[in-house]
>>> print(open('start04.cif').read())   # mmCIF, C-alpha atoms
data_structure
loop_
_atom_site.label_atom_id
_atom_site.label_comp_id
_atom_site.auth_asym_id
_atom_site.auth_seq_id
_atom_site.Cartn_x
_atom_site.Cartn_y
_atom_site.Cartn_z
CA MET P 12 -20.36 7.79 38.38
CA ARG P 13 -20.99 8.20 34.64
CA VAL P 14 -17.64 9.92 34.12
CA ARG P 15 -15.91 7.14 36.03
CA ALA P 16 -17.63 4.50 33.85
CA ARG P 17 -16.54 6.37 30.70
CA ARG P 18 -12.96 6.48 31.89
CA ARG P 19 -13.01 2.78 32.78
CA ASN P 20 -14.42 1.89 29.38
CA ALA P 21 -11.80 4.04 27.62
CA ALA P 22 -9.03 2.43 29.67
CA ILE P 23 -10.28 -1.06 28.75
CA GLY P 24 -10.54 0.01 25.08
CA PHE P 25 -7.04 1.48 24.91
CA GLY P 26 -5.60 -1.48 26.81
CA THR P 27 -7.19 -4.03 24.48
CA TRP P 28 -6.09 -2.06 21.44
CA GLY P 29 -2.57 -1.81 22.81
CA LEU P 30 -2.57 -5.59 23.19
CA LEU P 31 -3.75 -5.93 19.57
CA LEU P 32 -0.87 -3.71 18.41
CA LEU P 33 1.58 -5.66 20.52
CA ILE P 34 0.43 -8.96 19.02
CA GLY P 35 0.87 -7.45 15.55
CA LEU P 36 4.38 -6.25 16.35
CA VAL P 37 5.35 -9.65 17.79
CA LEU P 38 3.93 -11.44 14.75
CA ARG P 39 5.90 -9.10 12.52
CA SER P 40 9.19 -9.36 14.27
CA GLY P 41 8.81 -13.12 14.74
CA LEU P 42 10.17 -13.16 18.26
CA GLN P 43 10.39 -10.73 21.15
CA ARG P 44 13.89 -9.86 22.25
CA GLU P 45 15.05 -8.29 25.48
CA ALA P 46 16.49 -4.82 24.84
CA PRO P 47 20.20 -4.73 25.83
CA SER P 48 21.51 -1.83 27.91
CA ALA P 49 23.41 0.90 26.04
CA ASP P 50 26.97 -0.14 27.03
CA SER P 51 26.52 -3.91 27.10
CA PRO P 52 28.49 -6.07 24.60
CA ALA P 53 25.23 -7.00 22.89
CA ALA P 54 24.34 -3.31 22.40
CA LEU P 55 27.83 -2.56 21.05
CA ARG P 56 27.62 -5.52 18.65
CA GLN P 57 24.20 -4.28 17.53
CA ARG P 58 25.62 -0.78 16.98
CA VAL P 59 28.58 -2.13 14.98
CA ALA P 60 26.19 -4.22 12.88
CA LEU P 61 24.04 -1.13 12.20
CA LEU P 62 27.10 0.95 11.24
CA GLU P 63 28.34 -1.81 8.94
CA GLN P 64 24.91 -1.97 7.36
CA GLU P 65 24.93 1.82 6.85
CA ASN P 66 28.45 1.62 5.41
CA ALA P 67 27.44 -1.13 2.98
CA ALA P 68 24.40 0.91 1.91
CA LEU P 69 26.58 3.98 1.26
CA LYS P 70 29.10 1.89 -0.72
CA ALA P 71 26.26 0.37 -2.73
CA ARG P 72 24.94 3.84 -3.41
CA LEU P 73 28.33 5.05 -4.65
CA ALA P 74 28.75 1.97 -6.86
CA LEU P 75 25.21 2.08 -8.22
CA PRO P 76 25.82 4.49 -11.16
CA ASP P 77 28.83 2.38 -12.32
CA LYS P 78 26.82 -0.84 -12.12
CA LEU P 79 23.91 0.74 -13.93
CA ASP P 80 26.00 2.45 -16.63
CA SER P 81 26.04 -0.67 -18.78
CA MET P 82 22.28 -1.12 -18.28
CA VAL P 83 20.88 2.35 -18.81
CA GLY P 84 22.53 3.40 -22.07
CA GLY P 85 22.05 7.10 -22.77
CA TYR P 86 19.97 7.71 -19.65
CA LYS P 87 21.47 9.37 -16.59
CA ALA P 88 21.09 7.27 -13.44
CA LEU P 89 20.30 9.48 -10.44
CA PRO P 90 21.03 7.52 -7.22
CA ALA P 91 18.22 7.58 -4.69
CA ARG P 92 17.28 5.91 -1.46
CA LEU P 93 13.92 4.74 -0.13
CA ARG P 94 12.66 6.81 2.79
CA HIS P 95 11.83 4.91 5.94
CA LEU P 96 9.41 5.53 8.79
CA PRO P 97 11.28 6.83 11.84
CA MET P 98 12.31 4.18 14.42
CA THR P 99 10.75 1.28 12.48
CA GLY P 100 13.13 0.68 9.58
CA LEU P 101 10.07 0.17 7.35
CA ALA P 102 9.89 1.80 3.94
CA THR P 103 7.25 4.58 3.89
CA PRO P 104 4.12 2.70 2.88
CA ASP P 105 1.17 3.71 0.75
CA LEU P 106 -1.79 4.60 2.97
CA SER P 107 -4.23 3.14 0.44
CA PRO P 108 -4.27 -0.67 0.83
CA PRO P 109 -4.75 -1.60 -2.85
CA ARG P 110 -1.78 0.50 -3.95
CA HIS P 111 1.93 -0.25 -3.64
CA SER P 112 4.35 2.66 -3.62
CA CYS P 113 7.34 4.10 -1.81
CA VAL P 114 8.97 7.48 -1.22
CA LEU P 115 12.44 8.34 -2.59
CA ASP P 116 14.75 11.01 -1.20
CA VAL P 117 15.11 12.84 -4.56
CA GLY P 118 12.65 15.36 -5.97
CA ALA P 119 12.00 18.12 -8.48
CA ARG P 120 15.14 20.03 -7.44
CA ASP P 121 17.22 17.00 -8.50
CA GLY P 122 15.58 16.92 -11.94
CA VAL P 123 13.00 14.23 -11.18
CA ARG P 124 9.76 14.48 -13.19
CA LYS P 125 6.50 12.55 -13.16
CA GLY P 126 6.57 9.37 -15.26
CA GLN P 127 10.34 8.76 -15.14
CA GLY P 128 11.54 5.19 -14.64
CA VAL P 129 13.15 3.82 -11.47
CA VAL P 130 15.49 0.82 -11.56
CA ALA P 131 17.68 -1.25 -9.26
CA THR P 132 20.57 -3.49 -10.23
CA THR P 133 18.15 -6.46 -10.39
CA GLY P 134 15.59 -4.82 -12.69
CA VAL P 135 12.70 -2.39 -13.01
CA VAL P 136 11.43 -0.94 -9.72
CA GLY P 137 8.63 1.31 -10.99
CA ARG P 138 7.79 4.80 -12.21
CA VAL P 139 7.62 8.20 -10.55
CA ALA P 140 4.00 9.04 -9.74
CA LYS P 141 4.11 12.24 -7.68
CA VAL P 142 6.96 14.74 -7.43
CA TYR P 143 7.63 17.20 -4.60
CA SER P 144 10.60 19.53 -4.21
CA ASP P 145 12.80 17.20 -2.12
CA HIS P 146 11.14 13.80 -2.51
CA CYS P 147 8.95 11.83 -4.85
CA ARG P 148 6.50 8.93 -4.67
CA VAL P 149 7.08 5.97 -6.95
CA HIS P 150 4.57 3.28 -7.82
CA PHE P 151 6.19 -0.12 -7.81
CA ALA P 152 6.05 -2.35 -10.88
CA ASP P 153 3.34 -4.50 -9.25
CA ASP P 154 1.08 -1.49 -8.60
CA VAL P 155 -1.96 -1.28 -10.85
CA GLY P 156 -0.90 2.18 -12.04
CA PHE P 157 2.41 0.92 -13.47
CA VAL P 158 2.59 0.33 -17.22
CA ALA P 159 5.64 -0.59 -19.33
CA HIS P 160 6.37 -1.79 -22.86
CA PHE P 161 8.06 -5.21 -22.73
CA ARG P 162 9.55 -7.75 -25.07
CA LEU P 163 10.53 -11.36 -24.51
CA HIS P 164 14.20 -12.09 -24.00
CA ARG P 165 15.67 -14.06 -26.94
CA ARG P 166 12.22 -14.85 -28.43
CA PRO P 167 9.81 -12.86 -30.56
CA GLY P 168 6.90 -11.24 -28.75
CA GLU P 169 6.12 -7.91 -27.17
CA GLY P 170 3.31 -6.10 -25.40
CA ILE P 171 2.33 -3.88 -22.50
CA ALA P 172 2.64 -5.12 -18.92
CA ARG P 173 0.67 -3.67 -16.04
CA GLY P 174 0.86 -4.18 -12.28
CA ASP P 175 -1.63 -6.72 -10.96
CA ALA P 176 -4.24 -5.22 -8.63
CA PHE P 177 -5.11 -8.61 -7.15
CA ARG P 178 -1.73 -10.30 -6.63
CA PRO P 179 1.13 -8.52 -4.85
CA GLY P 180 4.51 -8.87 -6.58
CA ASN P 181 2.91 -9.72 -9.93
CA LEU P 182 2.41 -8.08 -13.30
CA ARG P 183 -0.05 -8.94 -16.00
CA PRO P 184 0.38 -8.66 -19.80
CA GLN P 185 -2.33 -6.42 -21.24
CA PHE P 186 -1.96 -5.57 -24.88
CA LEU P 187 0.03 -8.10 -26.87
CA ARG P 188 1.42 -7.56 -30.31
CA ASP P 189 0.67 -10.46 -32.70
CA ARG P 190 0.15 -13.85 -31.01
CA VAL P 191 2.54 -14.11 -28.11
CA ARG P 192 2.97 -17.56 -26.56
CA PHE P 193 4.47 -17.48 -23.11
CA ILE P 194 6.50 -20.36 -21.67
CA ASP P 195 7.14 -20.85 -17.95
CA GLY P 196 10.37 -19.10 -17.00
CA ASP P 197 10.31 -16.63 -19.92
CA LEU P 198 12.18 -13.45 -19.03
CA LEU P 199 10.45 -10.17 -19.87
CA ILE P 200 12.69 -7.20 -20.53
CA THR P 201 11.92 -3.57 -21.27
CA ALA P 202 11.50 -2.84 -24.99
CA GLY P 203 13.13 0.58 -24.81
CA SER P 204 10.62 2.28 -27.07
CA ASP P 205 8.57 4.13 -24.44
CA GLY P 206 11.20 6.74 -23.58
CA VAL P 207 11.03 5.73 -19.91
CA PHE P 208 13.27 2.65 -19.70
CA PRO P 209 16.20 1.74 -21.93
CA ARG P 210 16.04 -1.58 -23.74
CA GLY P 211 17.00 -4.78 -21.91
CA ILE P 212 16.22 -4.16 -18.21
CA ALA P 213 14.60 -7.17 -16.49
CA LEU P 214 10.91 -6.59 -15.80
CA GLY P 215 9.70 -10.01 -14.67
CA VAL P 216 9.62 -13.75 -15.16
CA VAL P 217 6.63 -15.76 -16.41
CA ASP P 218 5.40 -17.79 -13.46
CA ALA P 219 2.13 -19.39 -14.54
CA VAL P 220 1.01 -19.62 -18.15
CA ALA P 221 -2.76 -19.39 -18.69
CA PRO P 222 -4.81 -20.42 -21.76
CA LEU P 223 -5.45 -16.73 -22.45
CA PRO P 224 -2.10 -14.87 -22.67
CA GLN P 225 -3.67 -11.90 -20.84
CA ASP P 226 -4.19 -14.09 -17.75
CA THR P 227 -0.54 -15.18 -17.60
CA ARG P 228 1.13 -14.36 -14.31
CA ILE P 229 4.46 -12.56 -14.30
CA VAL P 230 6.50 -12.27 -11.11
CA ALA P 231 8.36 -8.94 -10.84
CA ALA P 232 12.14 -9.20 -11.18
CA VAL P 233 12.73 -7.04 -8.11
CA ASP P 234 12.01 -7.99 -4.50
CA PHE P 235 10.28 -4.79 -3.39
CA GLY P 236 10.54 -5.64 0.31
CA ALA P 237 14.34 -5.76 0.20
CA LEU P 238 14.94 -2.54 -1.73
CA SER P 239 17.07 0.26 -0.36
CA GLU P 240 19.22 1.83 -3.09
CA VAL P 241 17.66 2.57 -6.47
CA ALA P 242 18.23 4.97 -9.39
CA VAL P 243 15.85 7.31 -11.18
CA LEU P 244 16.42 7.31 -14.94
CA LEU P 245 16.66 10.86 -16.28
CA PRO P 246 16.10 10.89 -20.04
CA PRO P 247 19.11 12.19 -21.99
CA GLY P 248 17.37 15.04 -23.87
CA PRO P 249 16.03 17.66 -21.46
CA ASN P 250 18.51 16.97 -18.64
CA GLU P 251 21.69 17.34 -20.71
CA SER P 252 21.39 21.14 -20.54
CA ASP P 253 21.37 21.10 -16.68
CA MET J 25 -17.29 17.48 18.02
CA LYS J 26 -14.98 15.46 20.34
CA PHE J 27 -11.93 15.91 18.15
CA LEU J 28 -9.47 14.36 20.60
CA PRO J 29 -11.08 10.90 20.89
CA LEU J 30 -11.78 10.85 17.13
CA THR J 31 -8.17 11.77 16.33
CA ALA J 32 -6.84 9.20 18.80
CA LEU J 33 -9.05 6.46 17.36
CA MET J 34 -8.15 7.33 13.76
CA SER J 35 -4.43 7.32 14.64
CA LEU J 36 -4.80 3.92 16.32
CA CYS J 37 -6.62 2.58 13.25
CA LEU J 38 -3.90 3.85 10.89
CA LEU J 39 -1.19 2.38 13.12
CA THR J 40 -2.98 -0.98 13.28
CA ASP J 41 -3.37 -0.93 9.51
CA LEU J 42 0.37 -0.26 9.02
CA ILE J 43 1.37 -3.02 11.45
CA TYR J 44 -1.00 -5.71 10.21
CA ARG J 45 -1.04 -5.00 6.49
CA PRO J 46 2.25 -6.78 5.65
CA LEU J 47 0.91 -9.86 7.48
CA TRP J 48 -2.10 -9.98 5.13
CA ASP J 49 -0.78 -8.24 2.01
CA GLN J 50 -3.49 -9.27 -0.39
CA ARG J 51 -4.06 -5.76 -1.71
CA LEU J 52 -7.77 -5.31 -2.36
CA ALA J 53 -8.60 -8.25 -0.07
CA THR J 54 -6.69 -6.73 2.86
CA PRO J 55 -8.97 -5.62 5.73
CA ASP J 56 -8.82 -1.83 5.88
CA VAL J 57 -8.91 -0.87 9.57
CA PRO J 58 -9.59 2.91 9.13
CA ILE J 59 -12.55 2.07 6.89
CA LEU J 60 -13.84 -0.43 9.44
CA PHE J 61 -13.65 2.39 12.02
CA ILE J 62 -15.63 4.71 9.74
CA LEU J 63 -18.24 1.99 9.14
CA TRP J 64 -18.52 1.43 12.89
CA LEU J 65 -19.00 5.19 13.37
CA ALA J 66 -21.51 5.28 10.52
CA SER J 67 -23.53 2.58 12.24
CA ILE J 68 -24.00 4.62 15.43
CA ASP J 69 -23.31 8.29 14.76
CA ARG J 70 -24.64 11.27 12.83
CA ARG J 71 -23.73 12.03 9.26
CA GLN J 72 -21.82 15.27 9.98
CA ARG J 73 -19.35 13.60 12.31
CA VAL J 74 -18.92 10.55 10.08
CA TYR J 75 -18.10 12.81 7.13
CA SER J 76 -15.60 14.82 9.15
CA VAL J 77 -13.67 11.56 9.67
CA VAL J 78 -14.16 10.60 6.00
CA ILE J 79 -12.63 13.94 4.94
CA VAL J 80 -9.58 13.35 7.15
CA LEU J 81 -8.99 9.83 5.79
CA GLY J 82 -9.64 10.88 2.19
CA ALA J 83 -7.20 13.78 2.50
CA LEU J 84 -4.54 11.54 4.08
CA ARG J 85 -4.92 9.00 1.30
CA SER J 86 -4.78 11.69 -1.35
CA PHE J 87 -1.44 12.99 -0.04
CA CYS J 88 0.26 9.79 1.22
CA SER J 89 -0.62 7.52 -1.68
CA VAL J 90 -0.32 7.25 -5.45
CA ASP J 91 -4.12 7.24 -5.58
CA THR J 92 -5.64 9.99 -7.70
CA LEU J 93 -9.20 11.27 -7.80
CA PRO J 94 -11.78 9.72 -7.51
CA MET J 95 -10.02 6.69 -6.04
CA PRO J 96 -9.64 7.64 -2.35
CA TRP J 97 -13.04 9.33 -2.08
CA LEU J 98 -15.69 7.58 -4.18
CA PRO J 99 -15.59 4.05 -2.64
CA LEU J 100 -15.39 5.63 0.83
CA ILE J 101 -18.46 7.80 0.29
CA VAL J 102 -20.39 4.93 -1.33
CA MET J 103 -19.57 2.64 1.61
CA VAL J 104 -20.65 5.24 4.18
CA GLU J 105 -23.90 5.91 2.32
CA ALA J 106 -24.54 2.16 1.99
CA GLN J 107 -23.99 1.83 5.73
CA PHE J 108 -26.52 4.61 6.38
CA ILE J 109 -29.05 2.87 4.11
CA PHE J 110 -28.50 -0.50 5.84
CA ARG J 111 -28.76 1.27 9.18
CA GLY J 112 -32.29 2.30 8.24
CA TRP J 113 -33.25 -1.35 7.73
CA VAL J 114 -31.32 -3.21 10.42
CA HIS J 115 -30.82 -2.27 14.06
CA LEU J 116 -27.02 -2.17 14.15
CA ARG J 117 -26.54 -2.04 17.90
CA THR J 118 -26.89 -5.83 18.02
CA PRO J 119 -23.30 -7.18 17.78
CA PHE J 120 -24.03 -10.10 15.43
CA ARG J 121 -26.40 -8.26 13.13
CA ARG J 122 -23.89 -5.62 12.15
CA LEU J 123 -21.30 -8.09 10.80
CA PRO J 124 -23.30 -9.19 7.71
CA VAL J 125 -24.07 -5.52 7.10
CA VAL J 126 -20.35 -4.66 7.22
CA ALA J 127 -19.60 -7.60 4.90
CA SER J 128 -22.12 -6.27 2.36
CA THR J 129 -20.81 -2.70 2.63
CA ILE J 130 -17.19 -3.84 2.23
CA ALA J 131 -18.17 -5.99 -0.77
CA ILE J 132 -19.78 -2.97 -2.45
CA GLY J 133 -16.72 -0.78 -1.72
CA THR J 134 -14.18 -3.41 -2.86
CA ALA J 135 -16.04 -4.15 -6.09
CA LEU J 136 -16.24 -0.43 -6.88
CA ASN J 137 -12.59 0.16 -5.95
CA GLY J 138 -11.47 -2.82 -8.04
CA TYR J 139 -13.50 -1.62 -11.01
CA LEU J 140 -12.06 1.90 -10.73
CA LEU J 141 -8.53 0.46 -10.57
CA THR J 142 -8.72 -2.18 -13.31
CA ASN J 143 -11.64 -0.98 -15.46
CA HIS J 144 -13.10 -4.43 -15.92
CA TYR J 145 -15.28 -6.94 -14.13
CA GLY J 146 -13.92 -10.46 -14.05
CA ALA J 147 -13.61 -13.61 -11.98
CA ASP J 148 -10.59 -12.12 -10.20
CA LEU J 149 -12.61 -9.11 -9.04
CA TRP J 150 -15.49 -11.20 -7.70
CA LEU J 151 -13.12 -13.60 -5.93
CA THR J 152 -11.23 -10.67 -4.40
CA THR J 153 -14.50 -9.00 -3.36
CA ALA J 154 -15.68 -12.17 -1.62
CA THR J 155 -12.30 -12.61 0.11
CA ALA J 156 -12.25 -8.95 1.19
CA ALA J 157 -15.76 -9.26 2.63
CA LEU J 158 -14.80 -12.40 4.55
CA TYR J 159 -11.52 -11.05 5.94
CA SER J 160 -13.05 -7.67 6.80
CA THR J 161 -15.89 -9.37 8.66
CA LEU J 162 -13.35 -11.33 10.70
CA ALA J 163 -11.41 -8.13 11.41
CA ALA J 164 -14.65 -6.30 12.29
CA ALA J 165 -15.57 -9.09 14.72
CA ILE J 166 -12.35 -8.29 16.61
CA ILE J 167 -12.29 -4.50 16.26
CA PHE J 168 -15.96 -3.56 16.74
CA PRO J 169 -16.22 -4.87 20.34
CA ILE J 170 -13.08 -2.86 21.18
CA LEU J 171 -14.52 0.24 19.50
CA ASP J 172 -17.72 -0.20 21.53
CA PHE J 173 -15.71 0.68 24.64
CA PHE J 174 -14.99 4.11 23.12
CA ALA J 175 -18.62 4.90 22.24
CA PRO J 176 -19.34 6.72 25.56
CA LEU J 177 -16.26 8.92 24.97
CA LEU J 178 -17.76 10.21 21.71
CA ARG J 179 -21.16 10.99 23.25
CA SER J 180 -22.09 14.68 23.59
CA HIS J 181 -25.23 16.85 23.78
CA ARG J 182 -25.14 17.57 20.07
CA TYR J 183 -24.24 14.00 19.14
CA PRO J 184 -26.06 11.78 21.66
CA MET J 185 -25.40 8.69 19.45
#
>>> encode(input="start04.cif", output="C-alpha cells")
Amino acid sequence: MRVRARRRNAAIGFGTWGLLLLIGLVLRSGLQREAPSADSPAALRQRVALLEQENAALKARLALPDKLDSMVGGYKALPARLRHLPMTGLATPDLSPPRHSCVLDVGARDGVRKGQGVVATTGVVGRVAKVYSDHCRVHFADDVGFVAHFRLHRRPGEGIARGDAFRPGNLRPQFLRDRVRFIDGDLLITAGSDGVFPRGIALGVVDAVAPLPQDTRIVAAVDFGALSEVAVLLPPGPNESD
Amino acid sequence: MKFLPLTALMSLCLLTDLIYRPLWDQRLATPDVPILFILWLASIDRRQRVYSVVIVLGALRSFCSVDTLPMPWLPLIVMVEAQFIFRGWVHLRTPFRRLPVVASTIAIGTALNGYLLTNHYGADLWLTTATAALYSTLAAAIIFPILDFFAPLLRSHRYPM
C-alpha cells in the first residue's frame, strides 16, 4: 500500500511539474502550433525557411570580416558563432542567474585567449571569460564582470563602463575622468587604449541621466537576444607570428 | 542516498529555470528554481544529503557559467546554513510558515551575492534583495507543494526525513 501511495504521489508530482514546464514553454513561444507532418506543404515551407535562414547566417559570417575591417583597425577579426542548445534554438545560457554569458564555437586552438574583445557589426558584444580548446565563454557587455574604457562620441569625456548587475541590457559608468556630464542619447564608444577594443566601436547609448554621473543608465548598443554571428578581436602583436 | 530521484528533481529544476528565466530576466531578482529546491530539501532533510545536492549545483555553476570562486559556492552555503538555523526555530512542515523563512533566506543570499558581484551596498542592492525575496516567495508557493509530492520518494532508512 505504501509503495503504491509513493508511486501515486510521484506521478502527481511529475504530472504537475510537466504542466508547469508546458505553461512556461507556451508562454515563451507565445502560441501553440500544430506540428505539420514531414511531407506536408507547411513542413516543406518550414524547411525552406530554415535553410534560407542558415544560408543567410553563413553569408553573414563570410561577410563579417569585410564589414568589420573598417571598424577593427589593426586587430584581426576571428569570425565566431554562438552555440545553441540542441533542439531549442536558444543560445547556451549561463547557469548562474545573475550572470549573462554565451558560448562561442572558437577556442584556444583558434588563438582565442582570456580577456579578448568580442564585437558584432552593431557594437561591442563582450569579452572572453573562459577559454577551452574548441570553445570559449564570453561575458556580455551587460554582465557585471565586463569592464571597458569608453569615451563620448564627438564630446569630451571618458571613463570606465561596467555591466549592470541589477538591470539586464544596461551598463553603468564607474570611474570617470574629470567631470563628465552625460546628455540623453549620448553615444559611448570604445576609447581604444585598453588593448582589447580598437577605438570607435559603439558600446552603448545614454538612456537616463542621473544627478550623480555614476548612476547614469547606459543601454548596450547590441541586442544580445538577437545575436548569432560575432567576431573575436585578436590583438595584432602576438597573433601575427601564427 | 536515492540518487535517481535527486538527479531527476535537480534536472527538472534546472530545466524549469532555463524555461522561465527569460520570462523574468531581472538578474539578481530572478527566482532561482534549483536554489528553491535545495532550500526545500534543507527544510526537511539531513545535512549530508543537502550538501551532496549543493556540491552538484555548485560544480555545474562553476563549469557552465562565468562565475568564479567564491561566487557559486558562498551564497549557496550561507543560504543552506541559514535554512538549517531557521529550521531549528520554526517547524517548517507547515506550508505557510516556511514561506517567510524562505523569503528571509533568499534575502540573505541575494544581498551576499549582490555584494560579492558589485562590491558595494546601495539602494539598488536593497531594492533588488526585496524584489528577489518577494518573487522567490511567490515561486516557492508554487513549487514547494509540488515538491512535497516527491518527499516520500526520497525517504529511506538512513534518511527518514
>>> resolve_selection(input="start04.cif", expression="the PyMOL selection byres ((chain J and resi 88-95) around 8)", output="list of chain:residue names")
P:Asp105, P:Leu106, P:Ser107, P:Arg110, P:Ser112, P:Ala140, P:Lys141, P:Arg148, P:Val149, P:His150, J:Leu84, J:Arg85, J:Ser86, J:Phe87, J:Pro96, J:Trp97, J:Leu98, J:Pro99, J:Asn137, J:Leu140, J:Leu141
>>> write_last_selection(input="start04.cif", atoms="C-alpha atoms", output="PDB file, keeping the file's coordinate frame")
ATOM      1  CA  ASP P 105       1.170   3.710   0.750  1.00  0.00           C
ATOM      2  CA  LEU P 106      -1.790   4.600   2.970  1.00  0.00           C
ATOM      3  CA  SER P 107      -4.230   3.140   0.440  1.00  0.00           C
ATOM      4  CA  ARG P 110      -1.780   0.500  -3.950  1.00  0.00           C
ATOM      5  CA  SER P 112       4.350   2.660  -3.620  1.00  0.00           C
ATOM      6  CA  ALA P 140       4.000   9.040  -9.740  1.00  0.00           C
ATOM      7  CA  LYS P 141       4.110  12.240  -7.680  1.00  0.00           C
ATOM      8  CA  ARG P 148       6.500   8.930  -4.670  1.00  0.00           C
ATOM      9  CA  VAL P 149       7.080   5.970  -6.950  1.00  0.00           C
ATOM     10  CA  HIS P 150       4.570   3.280  -7.820  1.00  0.00           C
TER      11      HIS P 150
ATOM     12  CA  LEU J  84      -4.540  11.540   4.080  1.00  0.00           C
ATOM     13  CA  ARG J  85      -4.920   9.000   1.300  1.00  0.00           C
ATOM     14  CA  SER J  86      -4.780  11.690  -1.350  1.00  0.00           C
ATOM     15  CA  PHE J  87      -1.440  12.990  -0.040  1.00  0.00           C
ATOM     16  CA  PRO J  96      -9.640   7.640  -2.350  1.00  0.00           C
ATOM     17  CA  TRP J  97     -13.040   9.330  -2.080  1.00  0.00           C
ATOM     18  CA  LEU J  98     -15.690   7.580  -4.180  1.00  0.00           C
ATOM     19  CA  PRO J  99     -15.590   4.050  -2.640  1.00  0.00           C
ATOM     20  CA  ASN J 137     -12.590   0.160  -5.950  1.00  0.00           C
ATOM     21  CA  LEU J 140     -12.060   1.900 -10.730  1.00  0.00           C
ATOM     22  CA  LEU J 141      -8.530   0.460 -10.570  1.00  0.00           C
TER      23      LEU J 141
END
>>> interface_residues(input="start04.cif", of="chain J", to="chain P", cutoff="10 Å", atoms="all atoms listed in the file", output="ChimeraX atom specification")
/J:29,32-33,36-47,49-57,81-82,84-92,95-96,134,137-138,141-142,148-149,151-152,166-167,169-179
>>> atom_distance(input="start04.cif", atom1="CA of Phe235 (chain P)", atom2="CA of Leu214 (chain P)")
12.6 Å
>>> atom_distance(input="start04.cif", atom1="CA of Ile171 (chain P)", atom2="CA of His146 (chain P)")
28.1 Å
>>> resolve_selection(input="start04.cif", expression="the PyMOL selection byres ((chain J and resi 68-70) around 12)", output="CSV table (one decimal) with C-alpha atoms, in the coordinates of the input")
chain,number,residue,atom,x,y,z
J,25,MET,CA,-17.3,17.5,18.0
J,61,PHE,CA,-13.6,2.4,12.0
J,62,ILE,CA,-15.6,4.7,9.7
J,63,LEU,CA,-18.2,2.0,9.1
J,64,TRP,CA,-18.5,1.4,12.9
J,65,LEU,CA,-19.0,5.2,13.4
J,66,ALA,CA,-21.5,5.3,10.5
J,67,SER,CA,-23.5,2.6,12.2
J,71,ARG,CA,-23.7,12.0,9.3
J,72,GLN,CA,-21.8,15.3,10.0
J,73,ARG,CA,-19.4,13.6,12.3
J,74,VAL,CA,-18.9,10.6,10.1
J,75,TYR,CA,-18.1,12.8,7.1
J,76,SER,CA,-15.6,14.8,9.2
J,77,VAL,CA,-13.7,11.6,9.7
J,104,VAL,CA,-20.6,5.2,4.2
J,105,GLU,CA,-23.9,5.9,2.3
J,107,GLN,CA,-24.0,1.8,5.7
J,108,PHE,CA,-26.5,4.6,6.4
J,110,PHE,CA,-28.5,-0.5,5.8
J,111,ARG,CA,-28.8,1.3,9.2
J,112,GLY,CA,-32.3,2.3,8.2
J,114,VAL,CA,-31.3,-3.2,10.4
J,115,HIS,CA,-30.8,-2.3,14.1
J,116,LEU,CA,-27.0,-2.2,14.2
J,117,ARG,CA,-26.5,-2.0,17.9
J,118,THR,CA,-26.9,-5.8,18.0
J,122,ARG,CA,-23.9,-5.6,12.2
J,168,PHE,CA,-16.0,-3.6,16.7
J,171,LEU,CA,-14.5,0.2,19.5
J,172,ASP,CA,-17.7,-0.2,21.5
J,174,PHE,CA,-15.0,4.1,23.1
J,175,ALA,CA,-18.6,4.9,22.2
J,176,PRO,CA,-19.3,6.7,25.6
J,178,LEU,CA,-17.8,10.2,21.7
J,179,ARG,CA,-21.2,11.0,23.2
J,180,SER,CA,-22.1,14.7,23.6
J,182,ARG,CA,-25.1,17.6,20.1
J,183,TYR,CA,-24.2,14.0,19.1
J,184,PRO,CA,-26.1,11.8,21.7
J,185,MET,CA,-25.4,8.7,19.4
>>> residues_around(input="start04.cif", residues="Pro247 (chain P)", least_positions_apart="6", cutoff="7 Å", atoms="only C-alpha atoms", output="number ranges by chain")
P: 85-87
>>> residues_around(input="start04.cif", residues="Gly133 (chain J)", least_positions_apart="3", cutoff="7 Å", atoms="all atoms listed in the file", output="PDB file with C-alpha atoms, in the frame of the given file")
ATOM      1  CA  PRO J  99     -15.590   4.050  -2.640  1.00  0.00           C
ATOM      2  CA  VAL J 102     -20.390   4.930  -1.330  1.00  0.00           C
ATOM      3  CA  MET J 103     -19.570   2.640   1.610  1.00  0.00           C
ATOM      4  CA  THR J 129     -20.810  -2.700   2.630  1.00  0.00           C
ATOM      5  CA  ILE J 130     -17.190  -3.840   2.230  1.00  0.00           C
ATOM      6  CA  LEU J 136     -16.240  -0.430  -6.880  1.00  0.00           C
ATOM      7  CA  ASN J 137     -12.590   0.160  -5.950  1.00  0.00           C
TER       8      ASN J 137
END
>>> atom_distance(input="start04.cif", atom1="CA of His144 (chain J)", atom2="CA of Leu158 (chain J)")
22.0 Å
>>> axis_aligned_box(input="start04.cif", around="region 66-85 of chain J", padding_each_side="6 Å", output="JSON")
{"center_x": -14.6, "center_y": 8.9, "center_z": 8.4, "size_x": 32.1, "size_y": 24.7, "size_z": 26.1}
